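*Asks:* Provided herewith: target.csv, CSV, C-alpha atoms.
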```csv
chain,number,residue,atom,x,y,z
A,215,PHE,CA,107.0,90.9,82.3
A,216,ALA,CA,109.0,88.0,83.5
A,217,SER,CA,107.5,87.0,86.8
A,218,ASP,CA,106.4,83.7,88.4
A,219,ASP,CA,103.9,85.5,90.6
A,220,ALA,CA,100.3,84.8,89.4
A,221,ALA,CA,99.2,87.9,91.3
A,222,LEU,CA,101.1,90.2,89.0
A,223,PHE,CA,99.6,88.3,86.0
A,224,GLY,CA,96.2,88.8,87.5
A,225,LEU,CA,96.7,92.4,88.2
A,226,LEU,CA,98.0,93.1,84.7
A,227,GLN,CA,95.0,91.3,83.2
A,228,SER,CA,92.5,93.2,85.3
A,229,SER,CA,90.3,96.0,84.1
A,230,LEU,CA,92.0,98.2,86.7
A,231,HIS,CA,95.3,98.0,85.0
A,232,GLN,CA,93.7,98.2,81.6
A,233,ALA,CA,92.0,101.5,82.6
A,234,TRP,CA,95.4,102.8,83.9
A,235,ALA,CA,97.3,101.6,80.8
A,236,ARG,CA,94.8,103.3,78.5
A,237,LYS,CA,95.1,106.6,80.5
A,238,MET,CA,98.8,106.6,80.8
A,239,SER,CA,100.0,105.2,77.4
A,240,SER,CA,100.2,106.9,74.1
A,241,THR,CA,98.7,105.4,71.0
A,242,MET,CA,99.9,104.6,67.5
A,243,ARG,CA,96.8,105.0,65.2
A,244,SER,CA,94.2,103.2,67.4
A,245,ASP,CA,96.6,100.8,69.0
A,246,LEU,CA,97.8,101.2,72.6
A,247,ARG,CA,101.5,101.9,72.8
A,248,TYR,CA,102.2,100.3,76.2
A,249,THR,CA,105.6,101.1,77.7
A,250,PRO,CA,106.9,100.1,81.1
A,251,SER,CA,107.8,103.6,82.0
A,252,SER,CA,104.4,105.1,81.3
A,253,ALA,CA,102.0,102.3,82.2
A,254,PHE,CA,103.7,99.6,84.3
A,255,ASP,CA,106.1,101.6,86.5
A,256,THR,CA,103.5,104.3,87.4
A,257,PHE,CA,100.7,101.7,88.2
A,258,PRO,CA,100.3,101.7,92.0
A,259,ARG,CA,100.0,98.1,93.0
A,260,PRO,CA,98.2,96.8,96.1
A,261,THR,CA,100.3,95.8,99.0
A,262,ALA,CA,101.7,92.2,98.9
A,263,ASP,CA,99.7,91.1,101.9
A,264,ARG,CA,96.4,91.6,100.1
A,265,LEU,CA,97.1,89.5,97.0
A,266,ASP,CA,96.3,85.9,97.9
A,267,GLY,CA,92.7,85.8,96.5
A,268,LEU,CA,93.9,87.6,93.4
A,269,ARG,CA,96.7,85.1,93.0
A,270,ASP,CA,94.4,82.1,93.2
A,271,CYS,CA,91.9,83.6,90.8
A,272,ALA,CA,94.7,84.5,88.3
A,273,GLU,CA,95.9,80.9,88.3
A,274,ARG,CA,92.4,79.6,87.6
A,275,LEU,CA,92.0,82.2,84.8
A,276,HIS,CA,95.3,81.2,83.2
A,277,ALA,CA,94.4,77.5,83.4
A,278,LEU,CA,91.0,78.1,81.9
A,279,ARG,CA,92.4,80.2,79.0
A,280,ALA,CA,95.1,77.5,78.3
A,281,ALA,CA,92.5,74.7,78.3
A,282,ILE,CA,90.1,76.5,75.9
A,283,MET,CA,92.9,77.5,73.5
A,284,ARG,CA,94.3,73.9,73.5
A,285,ARG,CA,90.9,72.3,73.0
A,286,GLU,CA,89.8,74.8,70.3
A,287,ASP,CA,93.2,75.1,68.7
A,288,ILE,CA,93.1,78.9,68.9
A,289,GLY,CA,95.3,81.7,70.1
A,290,LEU,CA,94.7,84.6,72.5
A,291,THR,CA,93.4,86.9,69.8
A,292,LYS,CA,90.6,84.5,68.7
A,293,LEU,CA,89.9,83.7,72.3
A,294,TYR,CA,89.4,87.3,73.3
A,295,ASN,CA,87.5,88.1,70.1
A,296,ALA,CA,85.1,85.4,71.3
A,297,LEU,CA,85.0,86.9,74.8
A,298,HIS,CA,84.0,90.3,73.5
A,299,ASP,CA,81.4,88.9,71.0
A,300,ALA,CA,78.0,88.7,72.5
A,301,GLU,CA,77.0,86.1,69.9
A,302,SER,CA,80.0,83.8,70.5
A,303,ARG,CA,79.2,80.1,70.9
A,304,LEU,CA,82.7,79.2,71.9
A,305,PRO,CA,82.4,76.6,74.6
A,306,ASP,CA,83.4,78.0,78.0
A,307,VAL,CA,83.3,81.6,76.9
A,308,GLU,CA,80.8,82.4,79.6
A,309,ALA,CA,83.1,80.8,82.2
A,310,LEU,CA,86.0,83.0,80.8
A,311,ARG,CA,83.8,86.1,81.2
A,312,ALA,CA,82.9,85.1,84.7
A,313,ALA,CA,86.6,84.5,85.5
A,314,HIS,CA,87.5,88.0,84.3
A,315,ALA,CA,84.7,89.5,86.4
A,316,GLU,CA,85.9,87.6,89.5
A,317,LEU,CA,89.5,88.8,88.7
A,318,ASP,CA,88.3,92.4,88.6
A,319,ARG,CA,86.4,92.1,91.8
A,320,LEU,CA,89.4,90.5,93.6
A,321,ALA,CA,91.8,93.1,92.1
A,322,ALA,CA,89.6,95.9,93.5
A,323,ALA,CA,89.4,94.1,96.8
A,324,ALA,CA,93.2,93.9,97.0
A,325,TYR,CA,93.1,97.7,97.2
A,326,GLY,CA,90.4,97.6,99.8
A,327,TRP,CA,87.8,98.8,97.2
A,328,ASP,CA,85.0,96.3,98.0
A,329,ASP,CA,82.4,99.1,97.3
A,330,LEU,CA,82.9,99.1,93.5
A,331,ASP,CA,80.2,97.6,91.4
A,332,MET,CA,82.1,96.4,88.3
A,333,ASP,CA,78.8,95.8,86.4
A,334,HIS,CA,80.4,93.8,83.6
A,335,ALA,CA,78.3,93.8,80.4
A,336,PHE,CA,78.7,94.3,76.6
A,337,ARG,CA,79.4,98.0,76.0
A,338,GLN,CA,80.6,100.3,73.3
A,339,VAL,CA,84.0,101.8,74.2
A,340,ALA,CA,85.1,105.1,72.6
A,341,TYR,CA,88.8,104.3,72.7
A,342,LEU,CA,88.6,101.6,69.9
A,343,PRO,CA,87.9,102.0,66.2
A,344,GLU,CA,84.3,102.3,65.3
A,345,ASN,CA,84.1,98.9,63.7
A,346,ASP,CA,85.4,97.2,66.8
A,347,ARG,CA,84.1,99.0,69.8
A,348,THR,CA,82.0,96.3,71.5
A,349,ARG,CA,83.7,94.9,74.7
A,350,HIS,CA,82.6,92.8,77.6
A,351,THR,CA,83.9,95.2,80.2
A,352,ILE,CA,83.2,97.2,83.3
A,353,ALA,CA,80.8,100.2,83.5
A,354,GLU,CA,82.2,103.5,82.4
A,355,THR,CA,81.4,105.2,85.8
A,356,THR,CA,83.3,102.4,87.5
A,357,ARG,CA,86.3,102.8,85.1
A,358,LEU,CA,86.4,106.5,85.9
A,359,GLU,CA,86.2,105.9,89.6
A,360,ILE,CA,89.0,103.4,89.4
A,361,LEU,CA,91.1,105.9,87.6
A,362,ARG,CA,90.3,108.6,90.2
A,363,ARG,CA,91.3,106.2,93.0
A,364,LEU,CA,94.5,104.9,91.3
A,365,SER,CA,95.6,108.5,90.5
A,366,ALA,CA,95.1,109.5,94.1
A,367,LEU,CA,97.0,106.5,95.3
A,368,ASN,CA,99.8,107.2,92.8
A,369,ARG,CA,100.0,110.8,94.0
A,370,GLU,CA,100.0,109.7,97.7
A,371,ARG,CA,102.8,107.2,97.1
A,372,TYR,CA,104.8,109.8,95.1
A,373,GLU,CA,104.6,112.3,97.9
A,374,THR,CA,105.6,109.7,100.4
A,375,GLU,CA,108.7,108.8,98.3
A,376,GLN,CA,109.6,112.5,97.9
A,377,ASN,CA,109.2,113.1,101.6
A,378,ALA,CA,111.3,110.1,102.5
A,379,ALA,CA,114.0,111.2,100.1
A,380,ALA,CA,114.0,114.7,101.5
A,381,GLU,CA,114.3,113.3,105.1
A,382,TYR,CA,117.1,111.0,104.1
A,383,GLY,CA,118.9,113.9,102.4
A,384,ALA,CA,118.5,116.1,105.4
A,385,ARG,CA,119.9,113.4,107.7
A,386,CYS,CA,122.9,113.0,105.3
A,387,GLY,CA,123.5,116.8,105.3
A,388,PHE,CA,122.1,117.4,101.7
A,389,SER,CA,120.0,120.4,101.0
A,390,ARG,CA,117.1,120.5,98.6
A,391,ILE,CA,117.8,122.5,95.4
```
If you convert what's in this file into structure tokens, what do you get?
*Replies:*
Amino acid sequence: FASDDAALFGLLQSSLHQAWARKMSSTMRSDLRYTPSSAFDTFPRPTADRLDGLRDCAERLHALRAAIMRREDIGLTKLYNALHDAESRLPDVEALRAAHAELDRLAAAAYGWDDLDMDHAFRQVAYLPENDRTRHTIAETTRLEILRRLSALNRERYETEQNAAAEYGARCGFSRI
């Protein structure tokens, strides 16, 4: 998505958005079929006044990724394969894992969810093929709680939009059908 706002980059790189995208998107074989209408447009974003910490962290994450890829002459796929490989000896892979953990913490904080324990560790995830299920990711109970909270926030915002539209329609003399 074309944006010069690092906060959006950070939010889209977070485990919060990944959980939402996996829930809302369809798949093609085992690949996620991410579409703007299903995963991006429906994702309830935090309010703009809570994004400064996330923005700064996202900028640091982007710079770290770029530096590692330049130095090692690798692309994003090899970089993230190393991130999810517990045996990886790629220099700075631990710093990259820590940067993602911090990004997730700050993304949750942007929603006011400071009570979530992300508990990043190497885990087997069921949504990937059996031969490639190990990921350095958040705890499953945390992922489910994030989905519960995002779904509630999505419903709340939808209802607010519907009520505002109905009120506007009533003021303009339109009736609901």
*Asks:* Using only C-alpha atoms, tabulate the residues of range 230-259 of chain A lying at most 10 Å from any atom of range 310-330 of chain A, each with its closest atom pair and that distance in Å to one decimal, by chain and increasing residue number, as a Markdown table.
*Replies:*
```
| residue | atom | partner | partner_atom | distance |
| --- | --- | --- | --- | --- |
| A:Leu230 | CA | A:Asp318 | CA | 7.1 |
| A:His231 | CA | A:Ala321 | CA | 9.3 |
| A:Pro258 | CA | A:Tyr325 | CA | 9.7 |
| A:Arg259 | CA | A:Tyr325 | CA | 8.1 |
```
*Asks:* Considering only C-alpha atoms, return as a list in words whatever protein or nucleic-acid residues lie within 10 Å of range 301-306 of chain A, sequence-local ones (same chain, fewer than 2 positions apart) excluded.
*Replies:* Leu278, Arg279, Ala281, Ile282, Arg285, Glu286, Leu293, Asn295, Ala296, Leu297, His298, Asp299, Glu308, Ala309, Leu310, Arg311 and Ala312 of chain A
*Asks:* Fewer than 2 positions away in the same chain doesn't count, so skip those; otherwise give me all residues within 8 Å of Gln338 in chain A, counting all atoms listed in the file, as an MDAnalysis selection string.
*Replies:* chainID A and resid 336 340 347:349
*Asks:* Between CA of Leu225 in chain A and CA of Leu290 in chain A, what distance in Å does the model show, to one decimal?
*Replies:*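 Atom-to-atom, CA of Leu225 in chain A and CA of Leu290 in chain A are spaced 17.6 Å apart.
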*Asks:* Please, what distance in Å, to one decimal, runs between CA of Ala300 in chain A and CA of Thr351 in chain A?
*Replies:* 11.7 Å
*Asks:* CA of Leu364 in chain A and CA of Ser244 in chain A, how far apart in Å?
*Replies:*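 Atom-to-atom, CA of Ser244 in chain A to CA of Leu364 in chain A, that is 24.0 Å.
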*Asks:* Can you tell me which residues surround Tyr248 in chain A at a distance of at most 12 Å, considering only C-alpha atoms, apart from same-chain residues fewer than 4 positions away, and format the answer as a PyMOL selection string?
*Replies:* chain A and resi 226+231-232+234-242+252-256
*Asks:* Have a look at A:Ala335, A:Arg247, A:Asp270, A:Phe257 and name the one nearest to Ala221 in chain A; count all atoms listed in the file.
*Replies:* A:Asp270
*Asks:* Between A:Thr355, A:Thr374, A:Thr261, A:Gln227, which residue has the minimum interatomic distance to His276 in chain A, considering all atoms listed in the file?
*Replies:*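 For His276 in chain A, the nearest of the given residues is A:Gln227.
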*Asks:* Missing atoms in range 225-236 of chain A: fill them in up to all heavy atoms and send the result as a PDB file, in the frame of the given file.
*Replies:*
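So the final result, stored in out_36.pdb, reads:
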```pdb
ATOM      1  N   LEU A 225      96.818  90.986  88.168  1.00  0.00           N
ATOM      2  CA  LEU A 225      96.700  92.400  88.200  1.00  0.00           C
ATOM      3  C   LEU A 225      96.824  93.067  86.861  1.00  0.00           C
ATOM      4  O   LEU A 225      96.053  93.955  86.495  1.00  0.00           O
ATOM      5  CB  LEU A 225      97.751  92.992  89.197  1.00  0.00           C
ATOM      6  CG  LEU A 225      97.556  94.408  89.682  1.00  0.00           C
ATOM      7  CD1 LEU A 225      96.208  94.581  90.383  1.00  0.00           C
ATOM      8  CD2 LEU A 225      98.686  94.793  90.608  1.00  0.00           C
ATOM      9  N   LEU A 226      97.775  92.586  86.070  1.00  0.00           N
ATOM     10  CA  LEU A 226      98.000  93.100  84.700  1.00  0.00           C
ATOM     11  C   LEU A 226      96.851  92.759  83.772  1.00  0.00           C
ATOM     12  O   LEU A 226      96.630  93.437  82.768  1.00  0.00           O
ATOM     13  CB  LEU A 226      99.328  92.695  84.166  1.00  0.00           C
ATOM     14  CG  LEU A 226     100.550  93.231  84.911  1.00  0.00           C
ATOM     15  CD1 LEU A 226     101.828  92.697  84.283  1.00  0.00           C
ATOM     16  CD2 LEU A 226     100.554  94.742  84.967  1.00  0.00           C
ATOM     17  N   GLN A 227      96.129  91.664  84.072  1.00  0.00           N
ATOM     18  CA  GLN A 227      95.000  91.300  83.200  1.00  0.00           C
ATOM     19  C   GLN A 227      93.696  91.937  83.669  1.00  0.00           C
ATOM     20  O   GLN A 227      92.686  91.830  82.981  1.00  0.00           O
ATOM     21  CB  GLN A 227      94.796  89.733  83.337  1.00  0.00           C
ATOM     22  CG  GLN A 227      95.911  88.929  82.721  1.00  0.00           C
ATOM     23  CD  GLN A 227      96.013  89.176  81.232  1.00  0.00           C
ATOM     24  OE1 GLN A 227      95.041  89.029  80.501  1.00  0.00           O
ATOM     25  NE2 GLN A 227      97.174  89.571  80.772  1.00  0.00           N
ATOM     26  N   SER A 228      93.710  92.634  84.778  1.00  0.00           N
ATOM     27  CA  SER A 228      92.500  93.200  85.300  1.00  0.00           C
ATOM     28  C   SER A 228      92.052  94.469  84.568  1.00  0.00           C
ATOM     29  O   SER A 228      92.859  95.152  83.927  1.00  0.00           O
ATOM     30  CB  SER A 228      92.676  93.554  86.801  1.00  0.00           C
ATOM     31  OG  SER A 228      93.492  94.706  86.945  1.00  0.00           O
ATOM     32  N   SER A 229      90.783  94.783  84.701  1.00  0.00           N
ATOM     33  CA  SER A 229      90.300  96.000  84.100  1.00  0.00           C
ATOM     34  C   SER A 229      90.858  97.243  84.807  1.00  0.00           C
ATOM     35  O   SER A 229      90.924  98.323  84.210  1.00  0.00           O
ATOM     36  CB  SER A 229      88.729  96.056  84.262  1.00  0.00           C
ATOM     37  OG  SER A 229      88.149  95.075  83.435  1.00  0.00           O
ATOM     38  N   LEU A 230      91.319  97.084  86.043  1.00  0.00           N
ATOM     39  CA  LEU A 230      92.000  98.200  86.700  1.00  0.00           C
ATOM     40  C   LEU A 230      93.228  98.611  86.015  1.00  0.00           C
ATOM     41  O   LEU A 230      93.454  99.796  85.745  1.00  0.00           O
ATOM     42  CB  LEU A 230      92.268  97.818  88.187  1.00  0.00           C
ATOM     43  CG  LEU A 230      91.076  97.771  89.144  1.00  0.00           C
ATOM     44  CD1 LEU A 230      90.231  96.533  88.949  1.00  0.00           C
ATOM     45  CD2 LEU A 230      91.550  97.849  90.562  1.00  0.00           C
ATOM     46  N   HIS A 231      94.054  97.620  85.685  1.00  0.00           N
ATOM     47  CA  HIS A 231      95.300  98.000  85.000  1.00  0.00           C
ATOM     48  C   HIS A 231      95.002  98.392  83.546  1.00  0.00           C
ATOM     49  O   HIS A 231      95.668  99.293  83.026  1.00  0.00           O
ATOM     50  CB  HIS A 231      96.268  96.773  84.984  1.00  0.00           C
ATOM     51  CG  HIS A 231      97.577  97.132  84.360  1.00  0.00           C
ATOM     52  ND1 HIS A 231      98.433  98.066  84.909  1.00  0.00           N
ATOM     53  CD2 HIS A 231      98.160  96.728  83.209  1.00  0.00           C
ATOM     54  CE1 HIS A 231      99.495  98.204  84.127  1.00  0.00           C
ATOM     55  NE2 HIS A 231      99.345  97.411  83.084  1.00  0.00           N
ATOM     56  N   GLN A 232      94.005  97.781  82.922  1.00  0.00           N
ATOM     57  CA  GLN A 232      93.700  98.200  81.600  1.00  0.00           C
ATOM     58  C   GLN A 232      93.259  99.667  81.535  1.00  0.00           C
ATOM     59  O   GLN A 232      93.681 100.417  80.660  1.00  0.00           O
ATOM     60  CB  GLN A 232      92.557  97.331  80.982  1.00  0.00           C
ATOM     61  CG  GLN A 232      92.221  97.738  79.563  1.00  0.00           C
ATOM     62  CD  GLN A 232      91.053  96.986  78.993  1.00  0.00           C
ATOM     63  OE1 GLN A 232      90.011  96.867  79.625  1.00  0.00           O
ATOM     64  NE2 GLN A 232      91.225  96.495  77.789  1.00  0.00           N
ATOM     65  N   ALA A 233      92.449 100.073  82.501  1.00  0.00           N
ATOM     66  CA  ALA A 233      92.000 101.500  82.600  1.00  0.00           C
ATOM     67  C   ALA A 233      93.250 102.383  82.741  1.00  0.00           C
ATOM     68  O   ALA A 233      93.377 103.419  82.072  1.00  0.00           O
ATOM     69  CB  ALA A 233      91.032 101.682  83.698  1.00  0.00           C
ATOM     70  N   TRP A 234      94.149 101.987  83.642  1.00  0.00           N
ATOM     71  CA  TRP A 234      95.400 102.800  83.900  1.00  0.00           C
ATOM     72  C   TRP A 234      96.239 102.843  82.643  1.00  0.00           C
ATOM     73  O   TRP A 234      96.725 103.914  82.268  1.00  0.00           O
ATOM     74  CB  TRP A 234      96.132 102.180  85.061  1.00  0.00           C
ATOM     75  CG  TRP A 234      97.322 102.982  85.451  1.00  0.00           C
ATOM     76  CD1 TRP A 234      98.627 102.743  85.112  1.00  0.00           C
ATOM     77  CD2 TRP A 234      97.342 104.157  86.260  1.00  0.00           C
ATOM     78  NE1 TRP A 234      99.448 103.698  85.660  1.00  0.00           N
ATOM     79  CE2 TRP A 234      98.676 104.579  86.371  1.00  0.00           C
ATOM     80  CE3 TRP A 234      96.348 104.889  86.898  1.00  0.00           C
ATOM     81  CZ2 TRP A 234      99.044 105.706  87.097  1.00  0.00           C
ATOM     82  CZ3 TRP A 234      96.714 106.012  87.627  1.00  0.00           C
ATOM     83  CH2 TRP A 234      98.057 106.398  87.717  1.00  0.00           C
ATOM     84  N   ALA A 235      96.434 101.706  82.015  1.00  0.00           N
ATOM     85  CA  ALA A 235      97.300 101.600  80.800  1.00  0.00           C
ATOM     86  C   ALA A 235      96.732 102.512  79.708  1.00  0.00           C
ATOM     87  O   ALA A 235      97.476 103.225  79.031  1.00  0.00           O
ATOM     88  CB  ALA A 235      97.459 100.205  80.364  1.00  0.00           C
ATOM     89  N   ARG A 236      95.418 102.486  79.519  1.00  0.00           N
ATOM     90  CA  ARG A 236      94.800 103.300  78.500  1.00  0.00           C
ATOM     91  C   ARG A 236      94.937 104.804  78.791  1.00  0.00           C
ATOM     92  O   ARG A 236      95.079 105.625  77.900  1.00  0.00           O
ATOM     93  CB  ARG A 236      93.365 102.934  78.253  1.00  0.00           C
ATOM     94  CG  ARG A 236      93.244 101.588  77.584  1.00  0.00           C
ATOM     95  CD  ARG A 236      92.087 101.494  76.644  1.00  0.00           C
ATOM     96  NE  ARG A 236      92.131 100.234  75.932  1.00  0.00           N
ATOM     97  CZ  ARG A 236      92.727 100.048  74.771  1.00  0.00           C
ATOM     98  NH1 ARG A 236      93.330 101.043  74.175  1.00  0.00           N
ATOM     99  NH2 ARG A 236      92.725  98.865  74.189  1.00  0.00           N
TER     100      ARG A 236
END
```
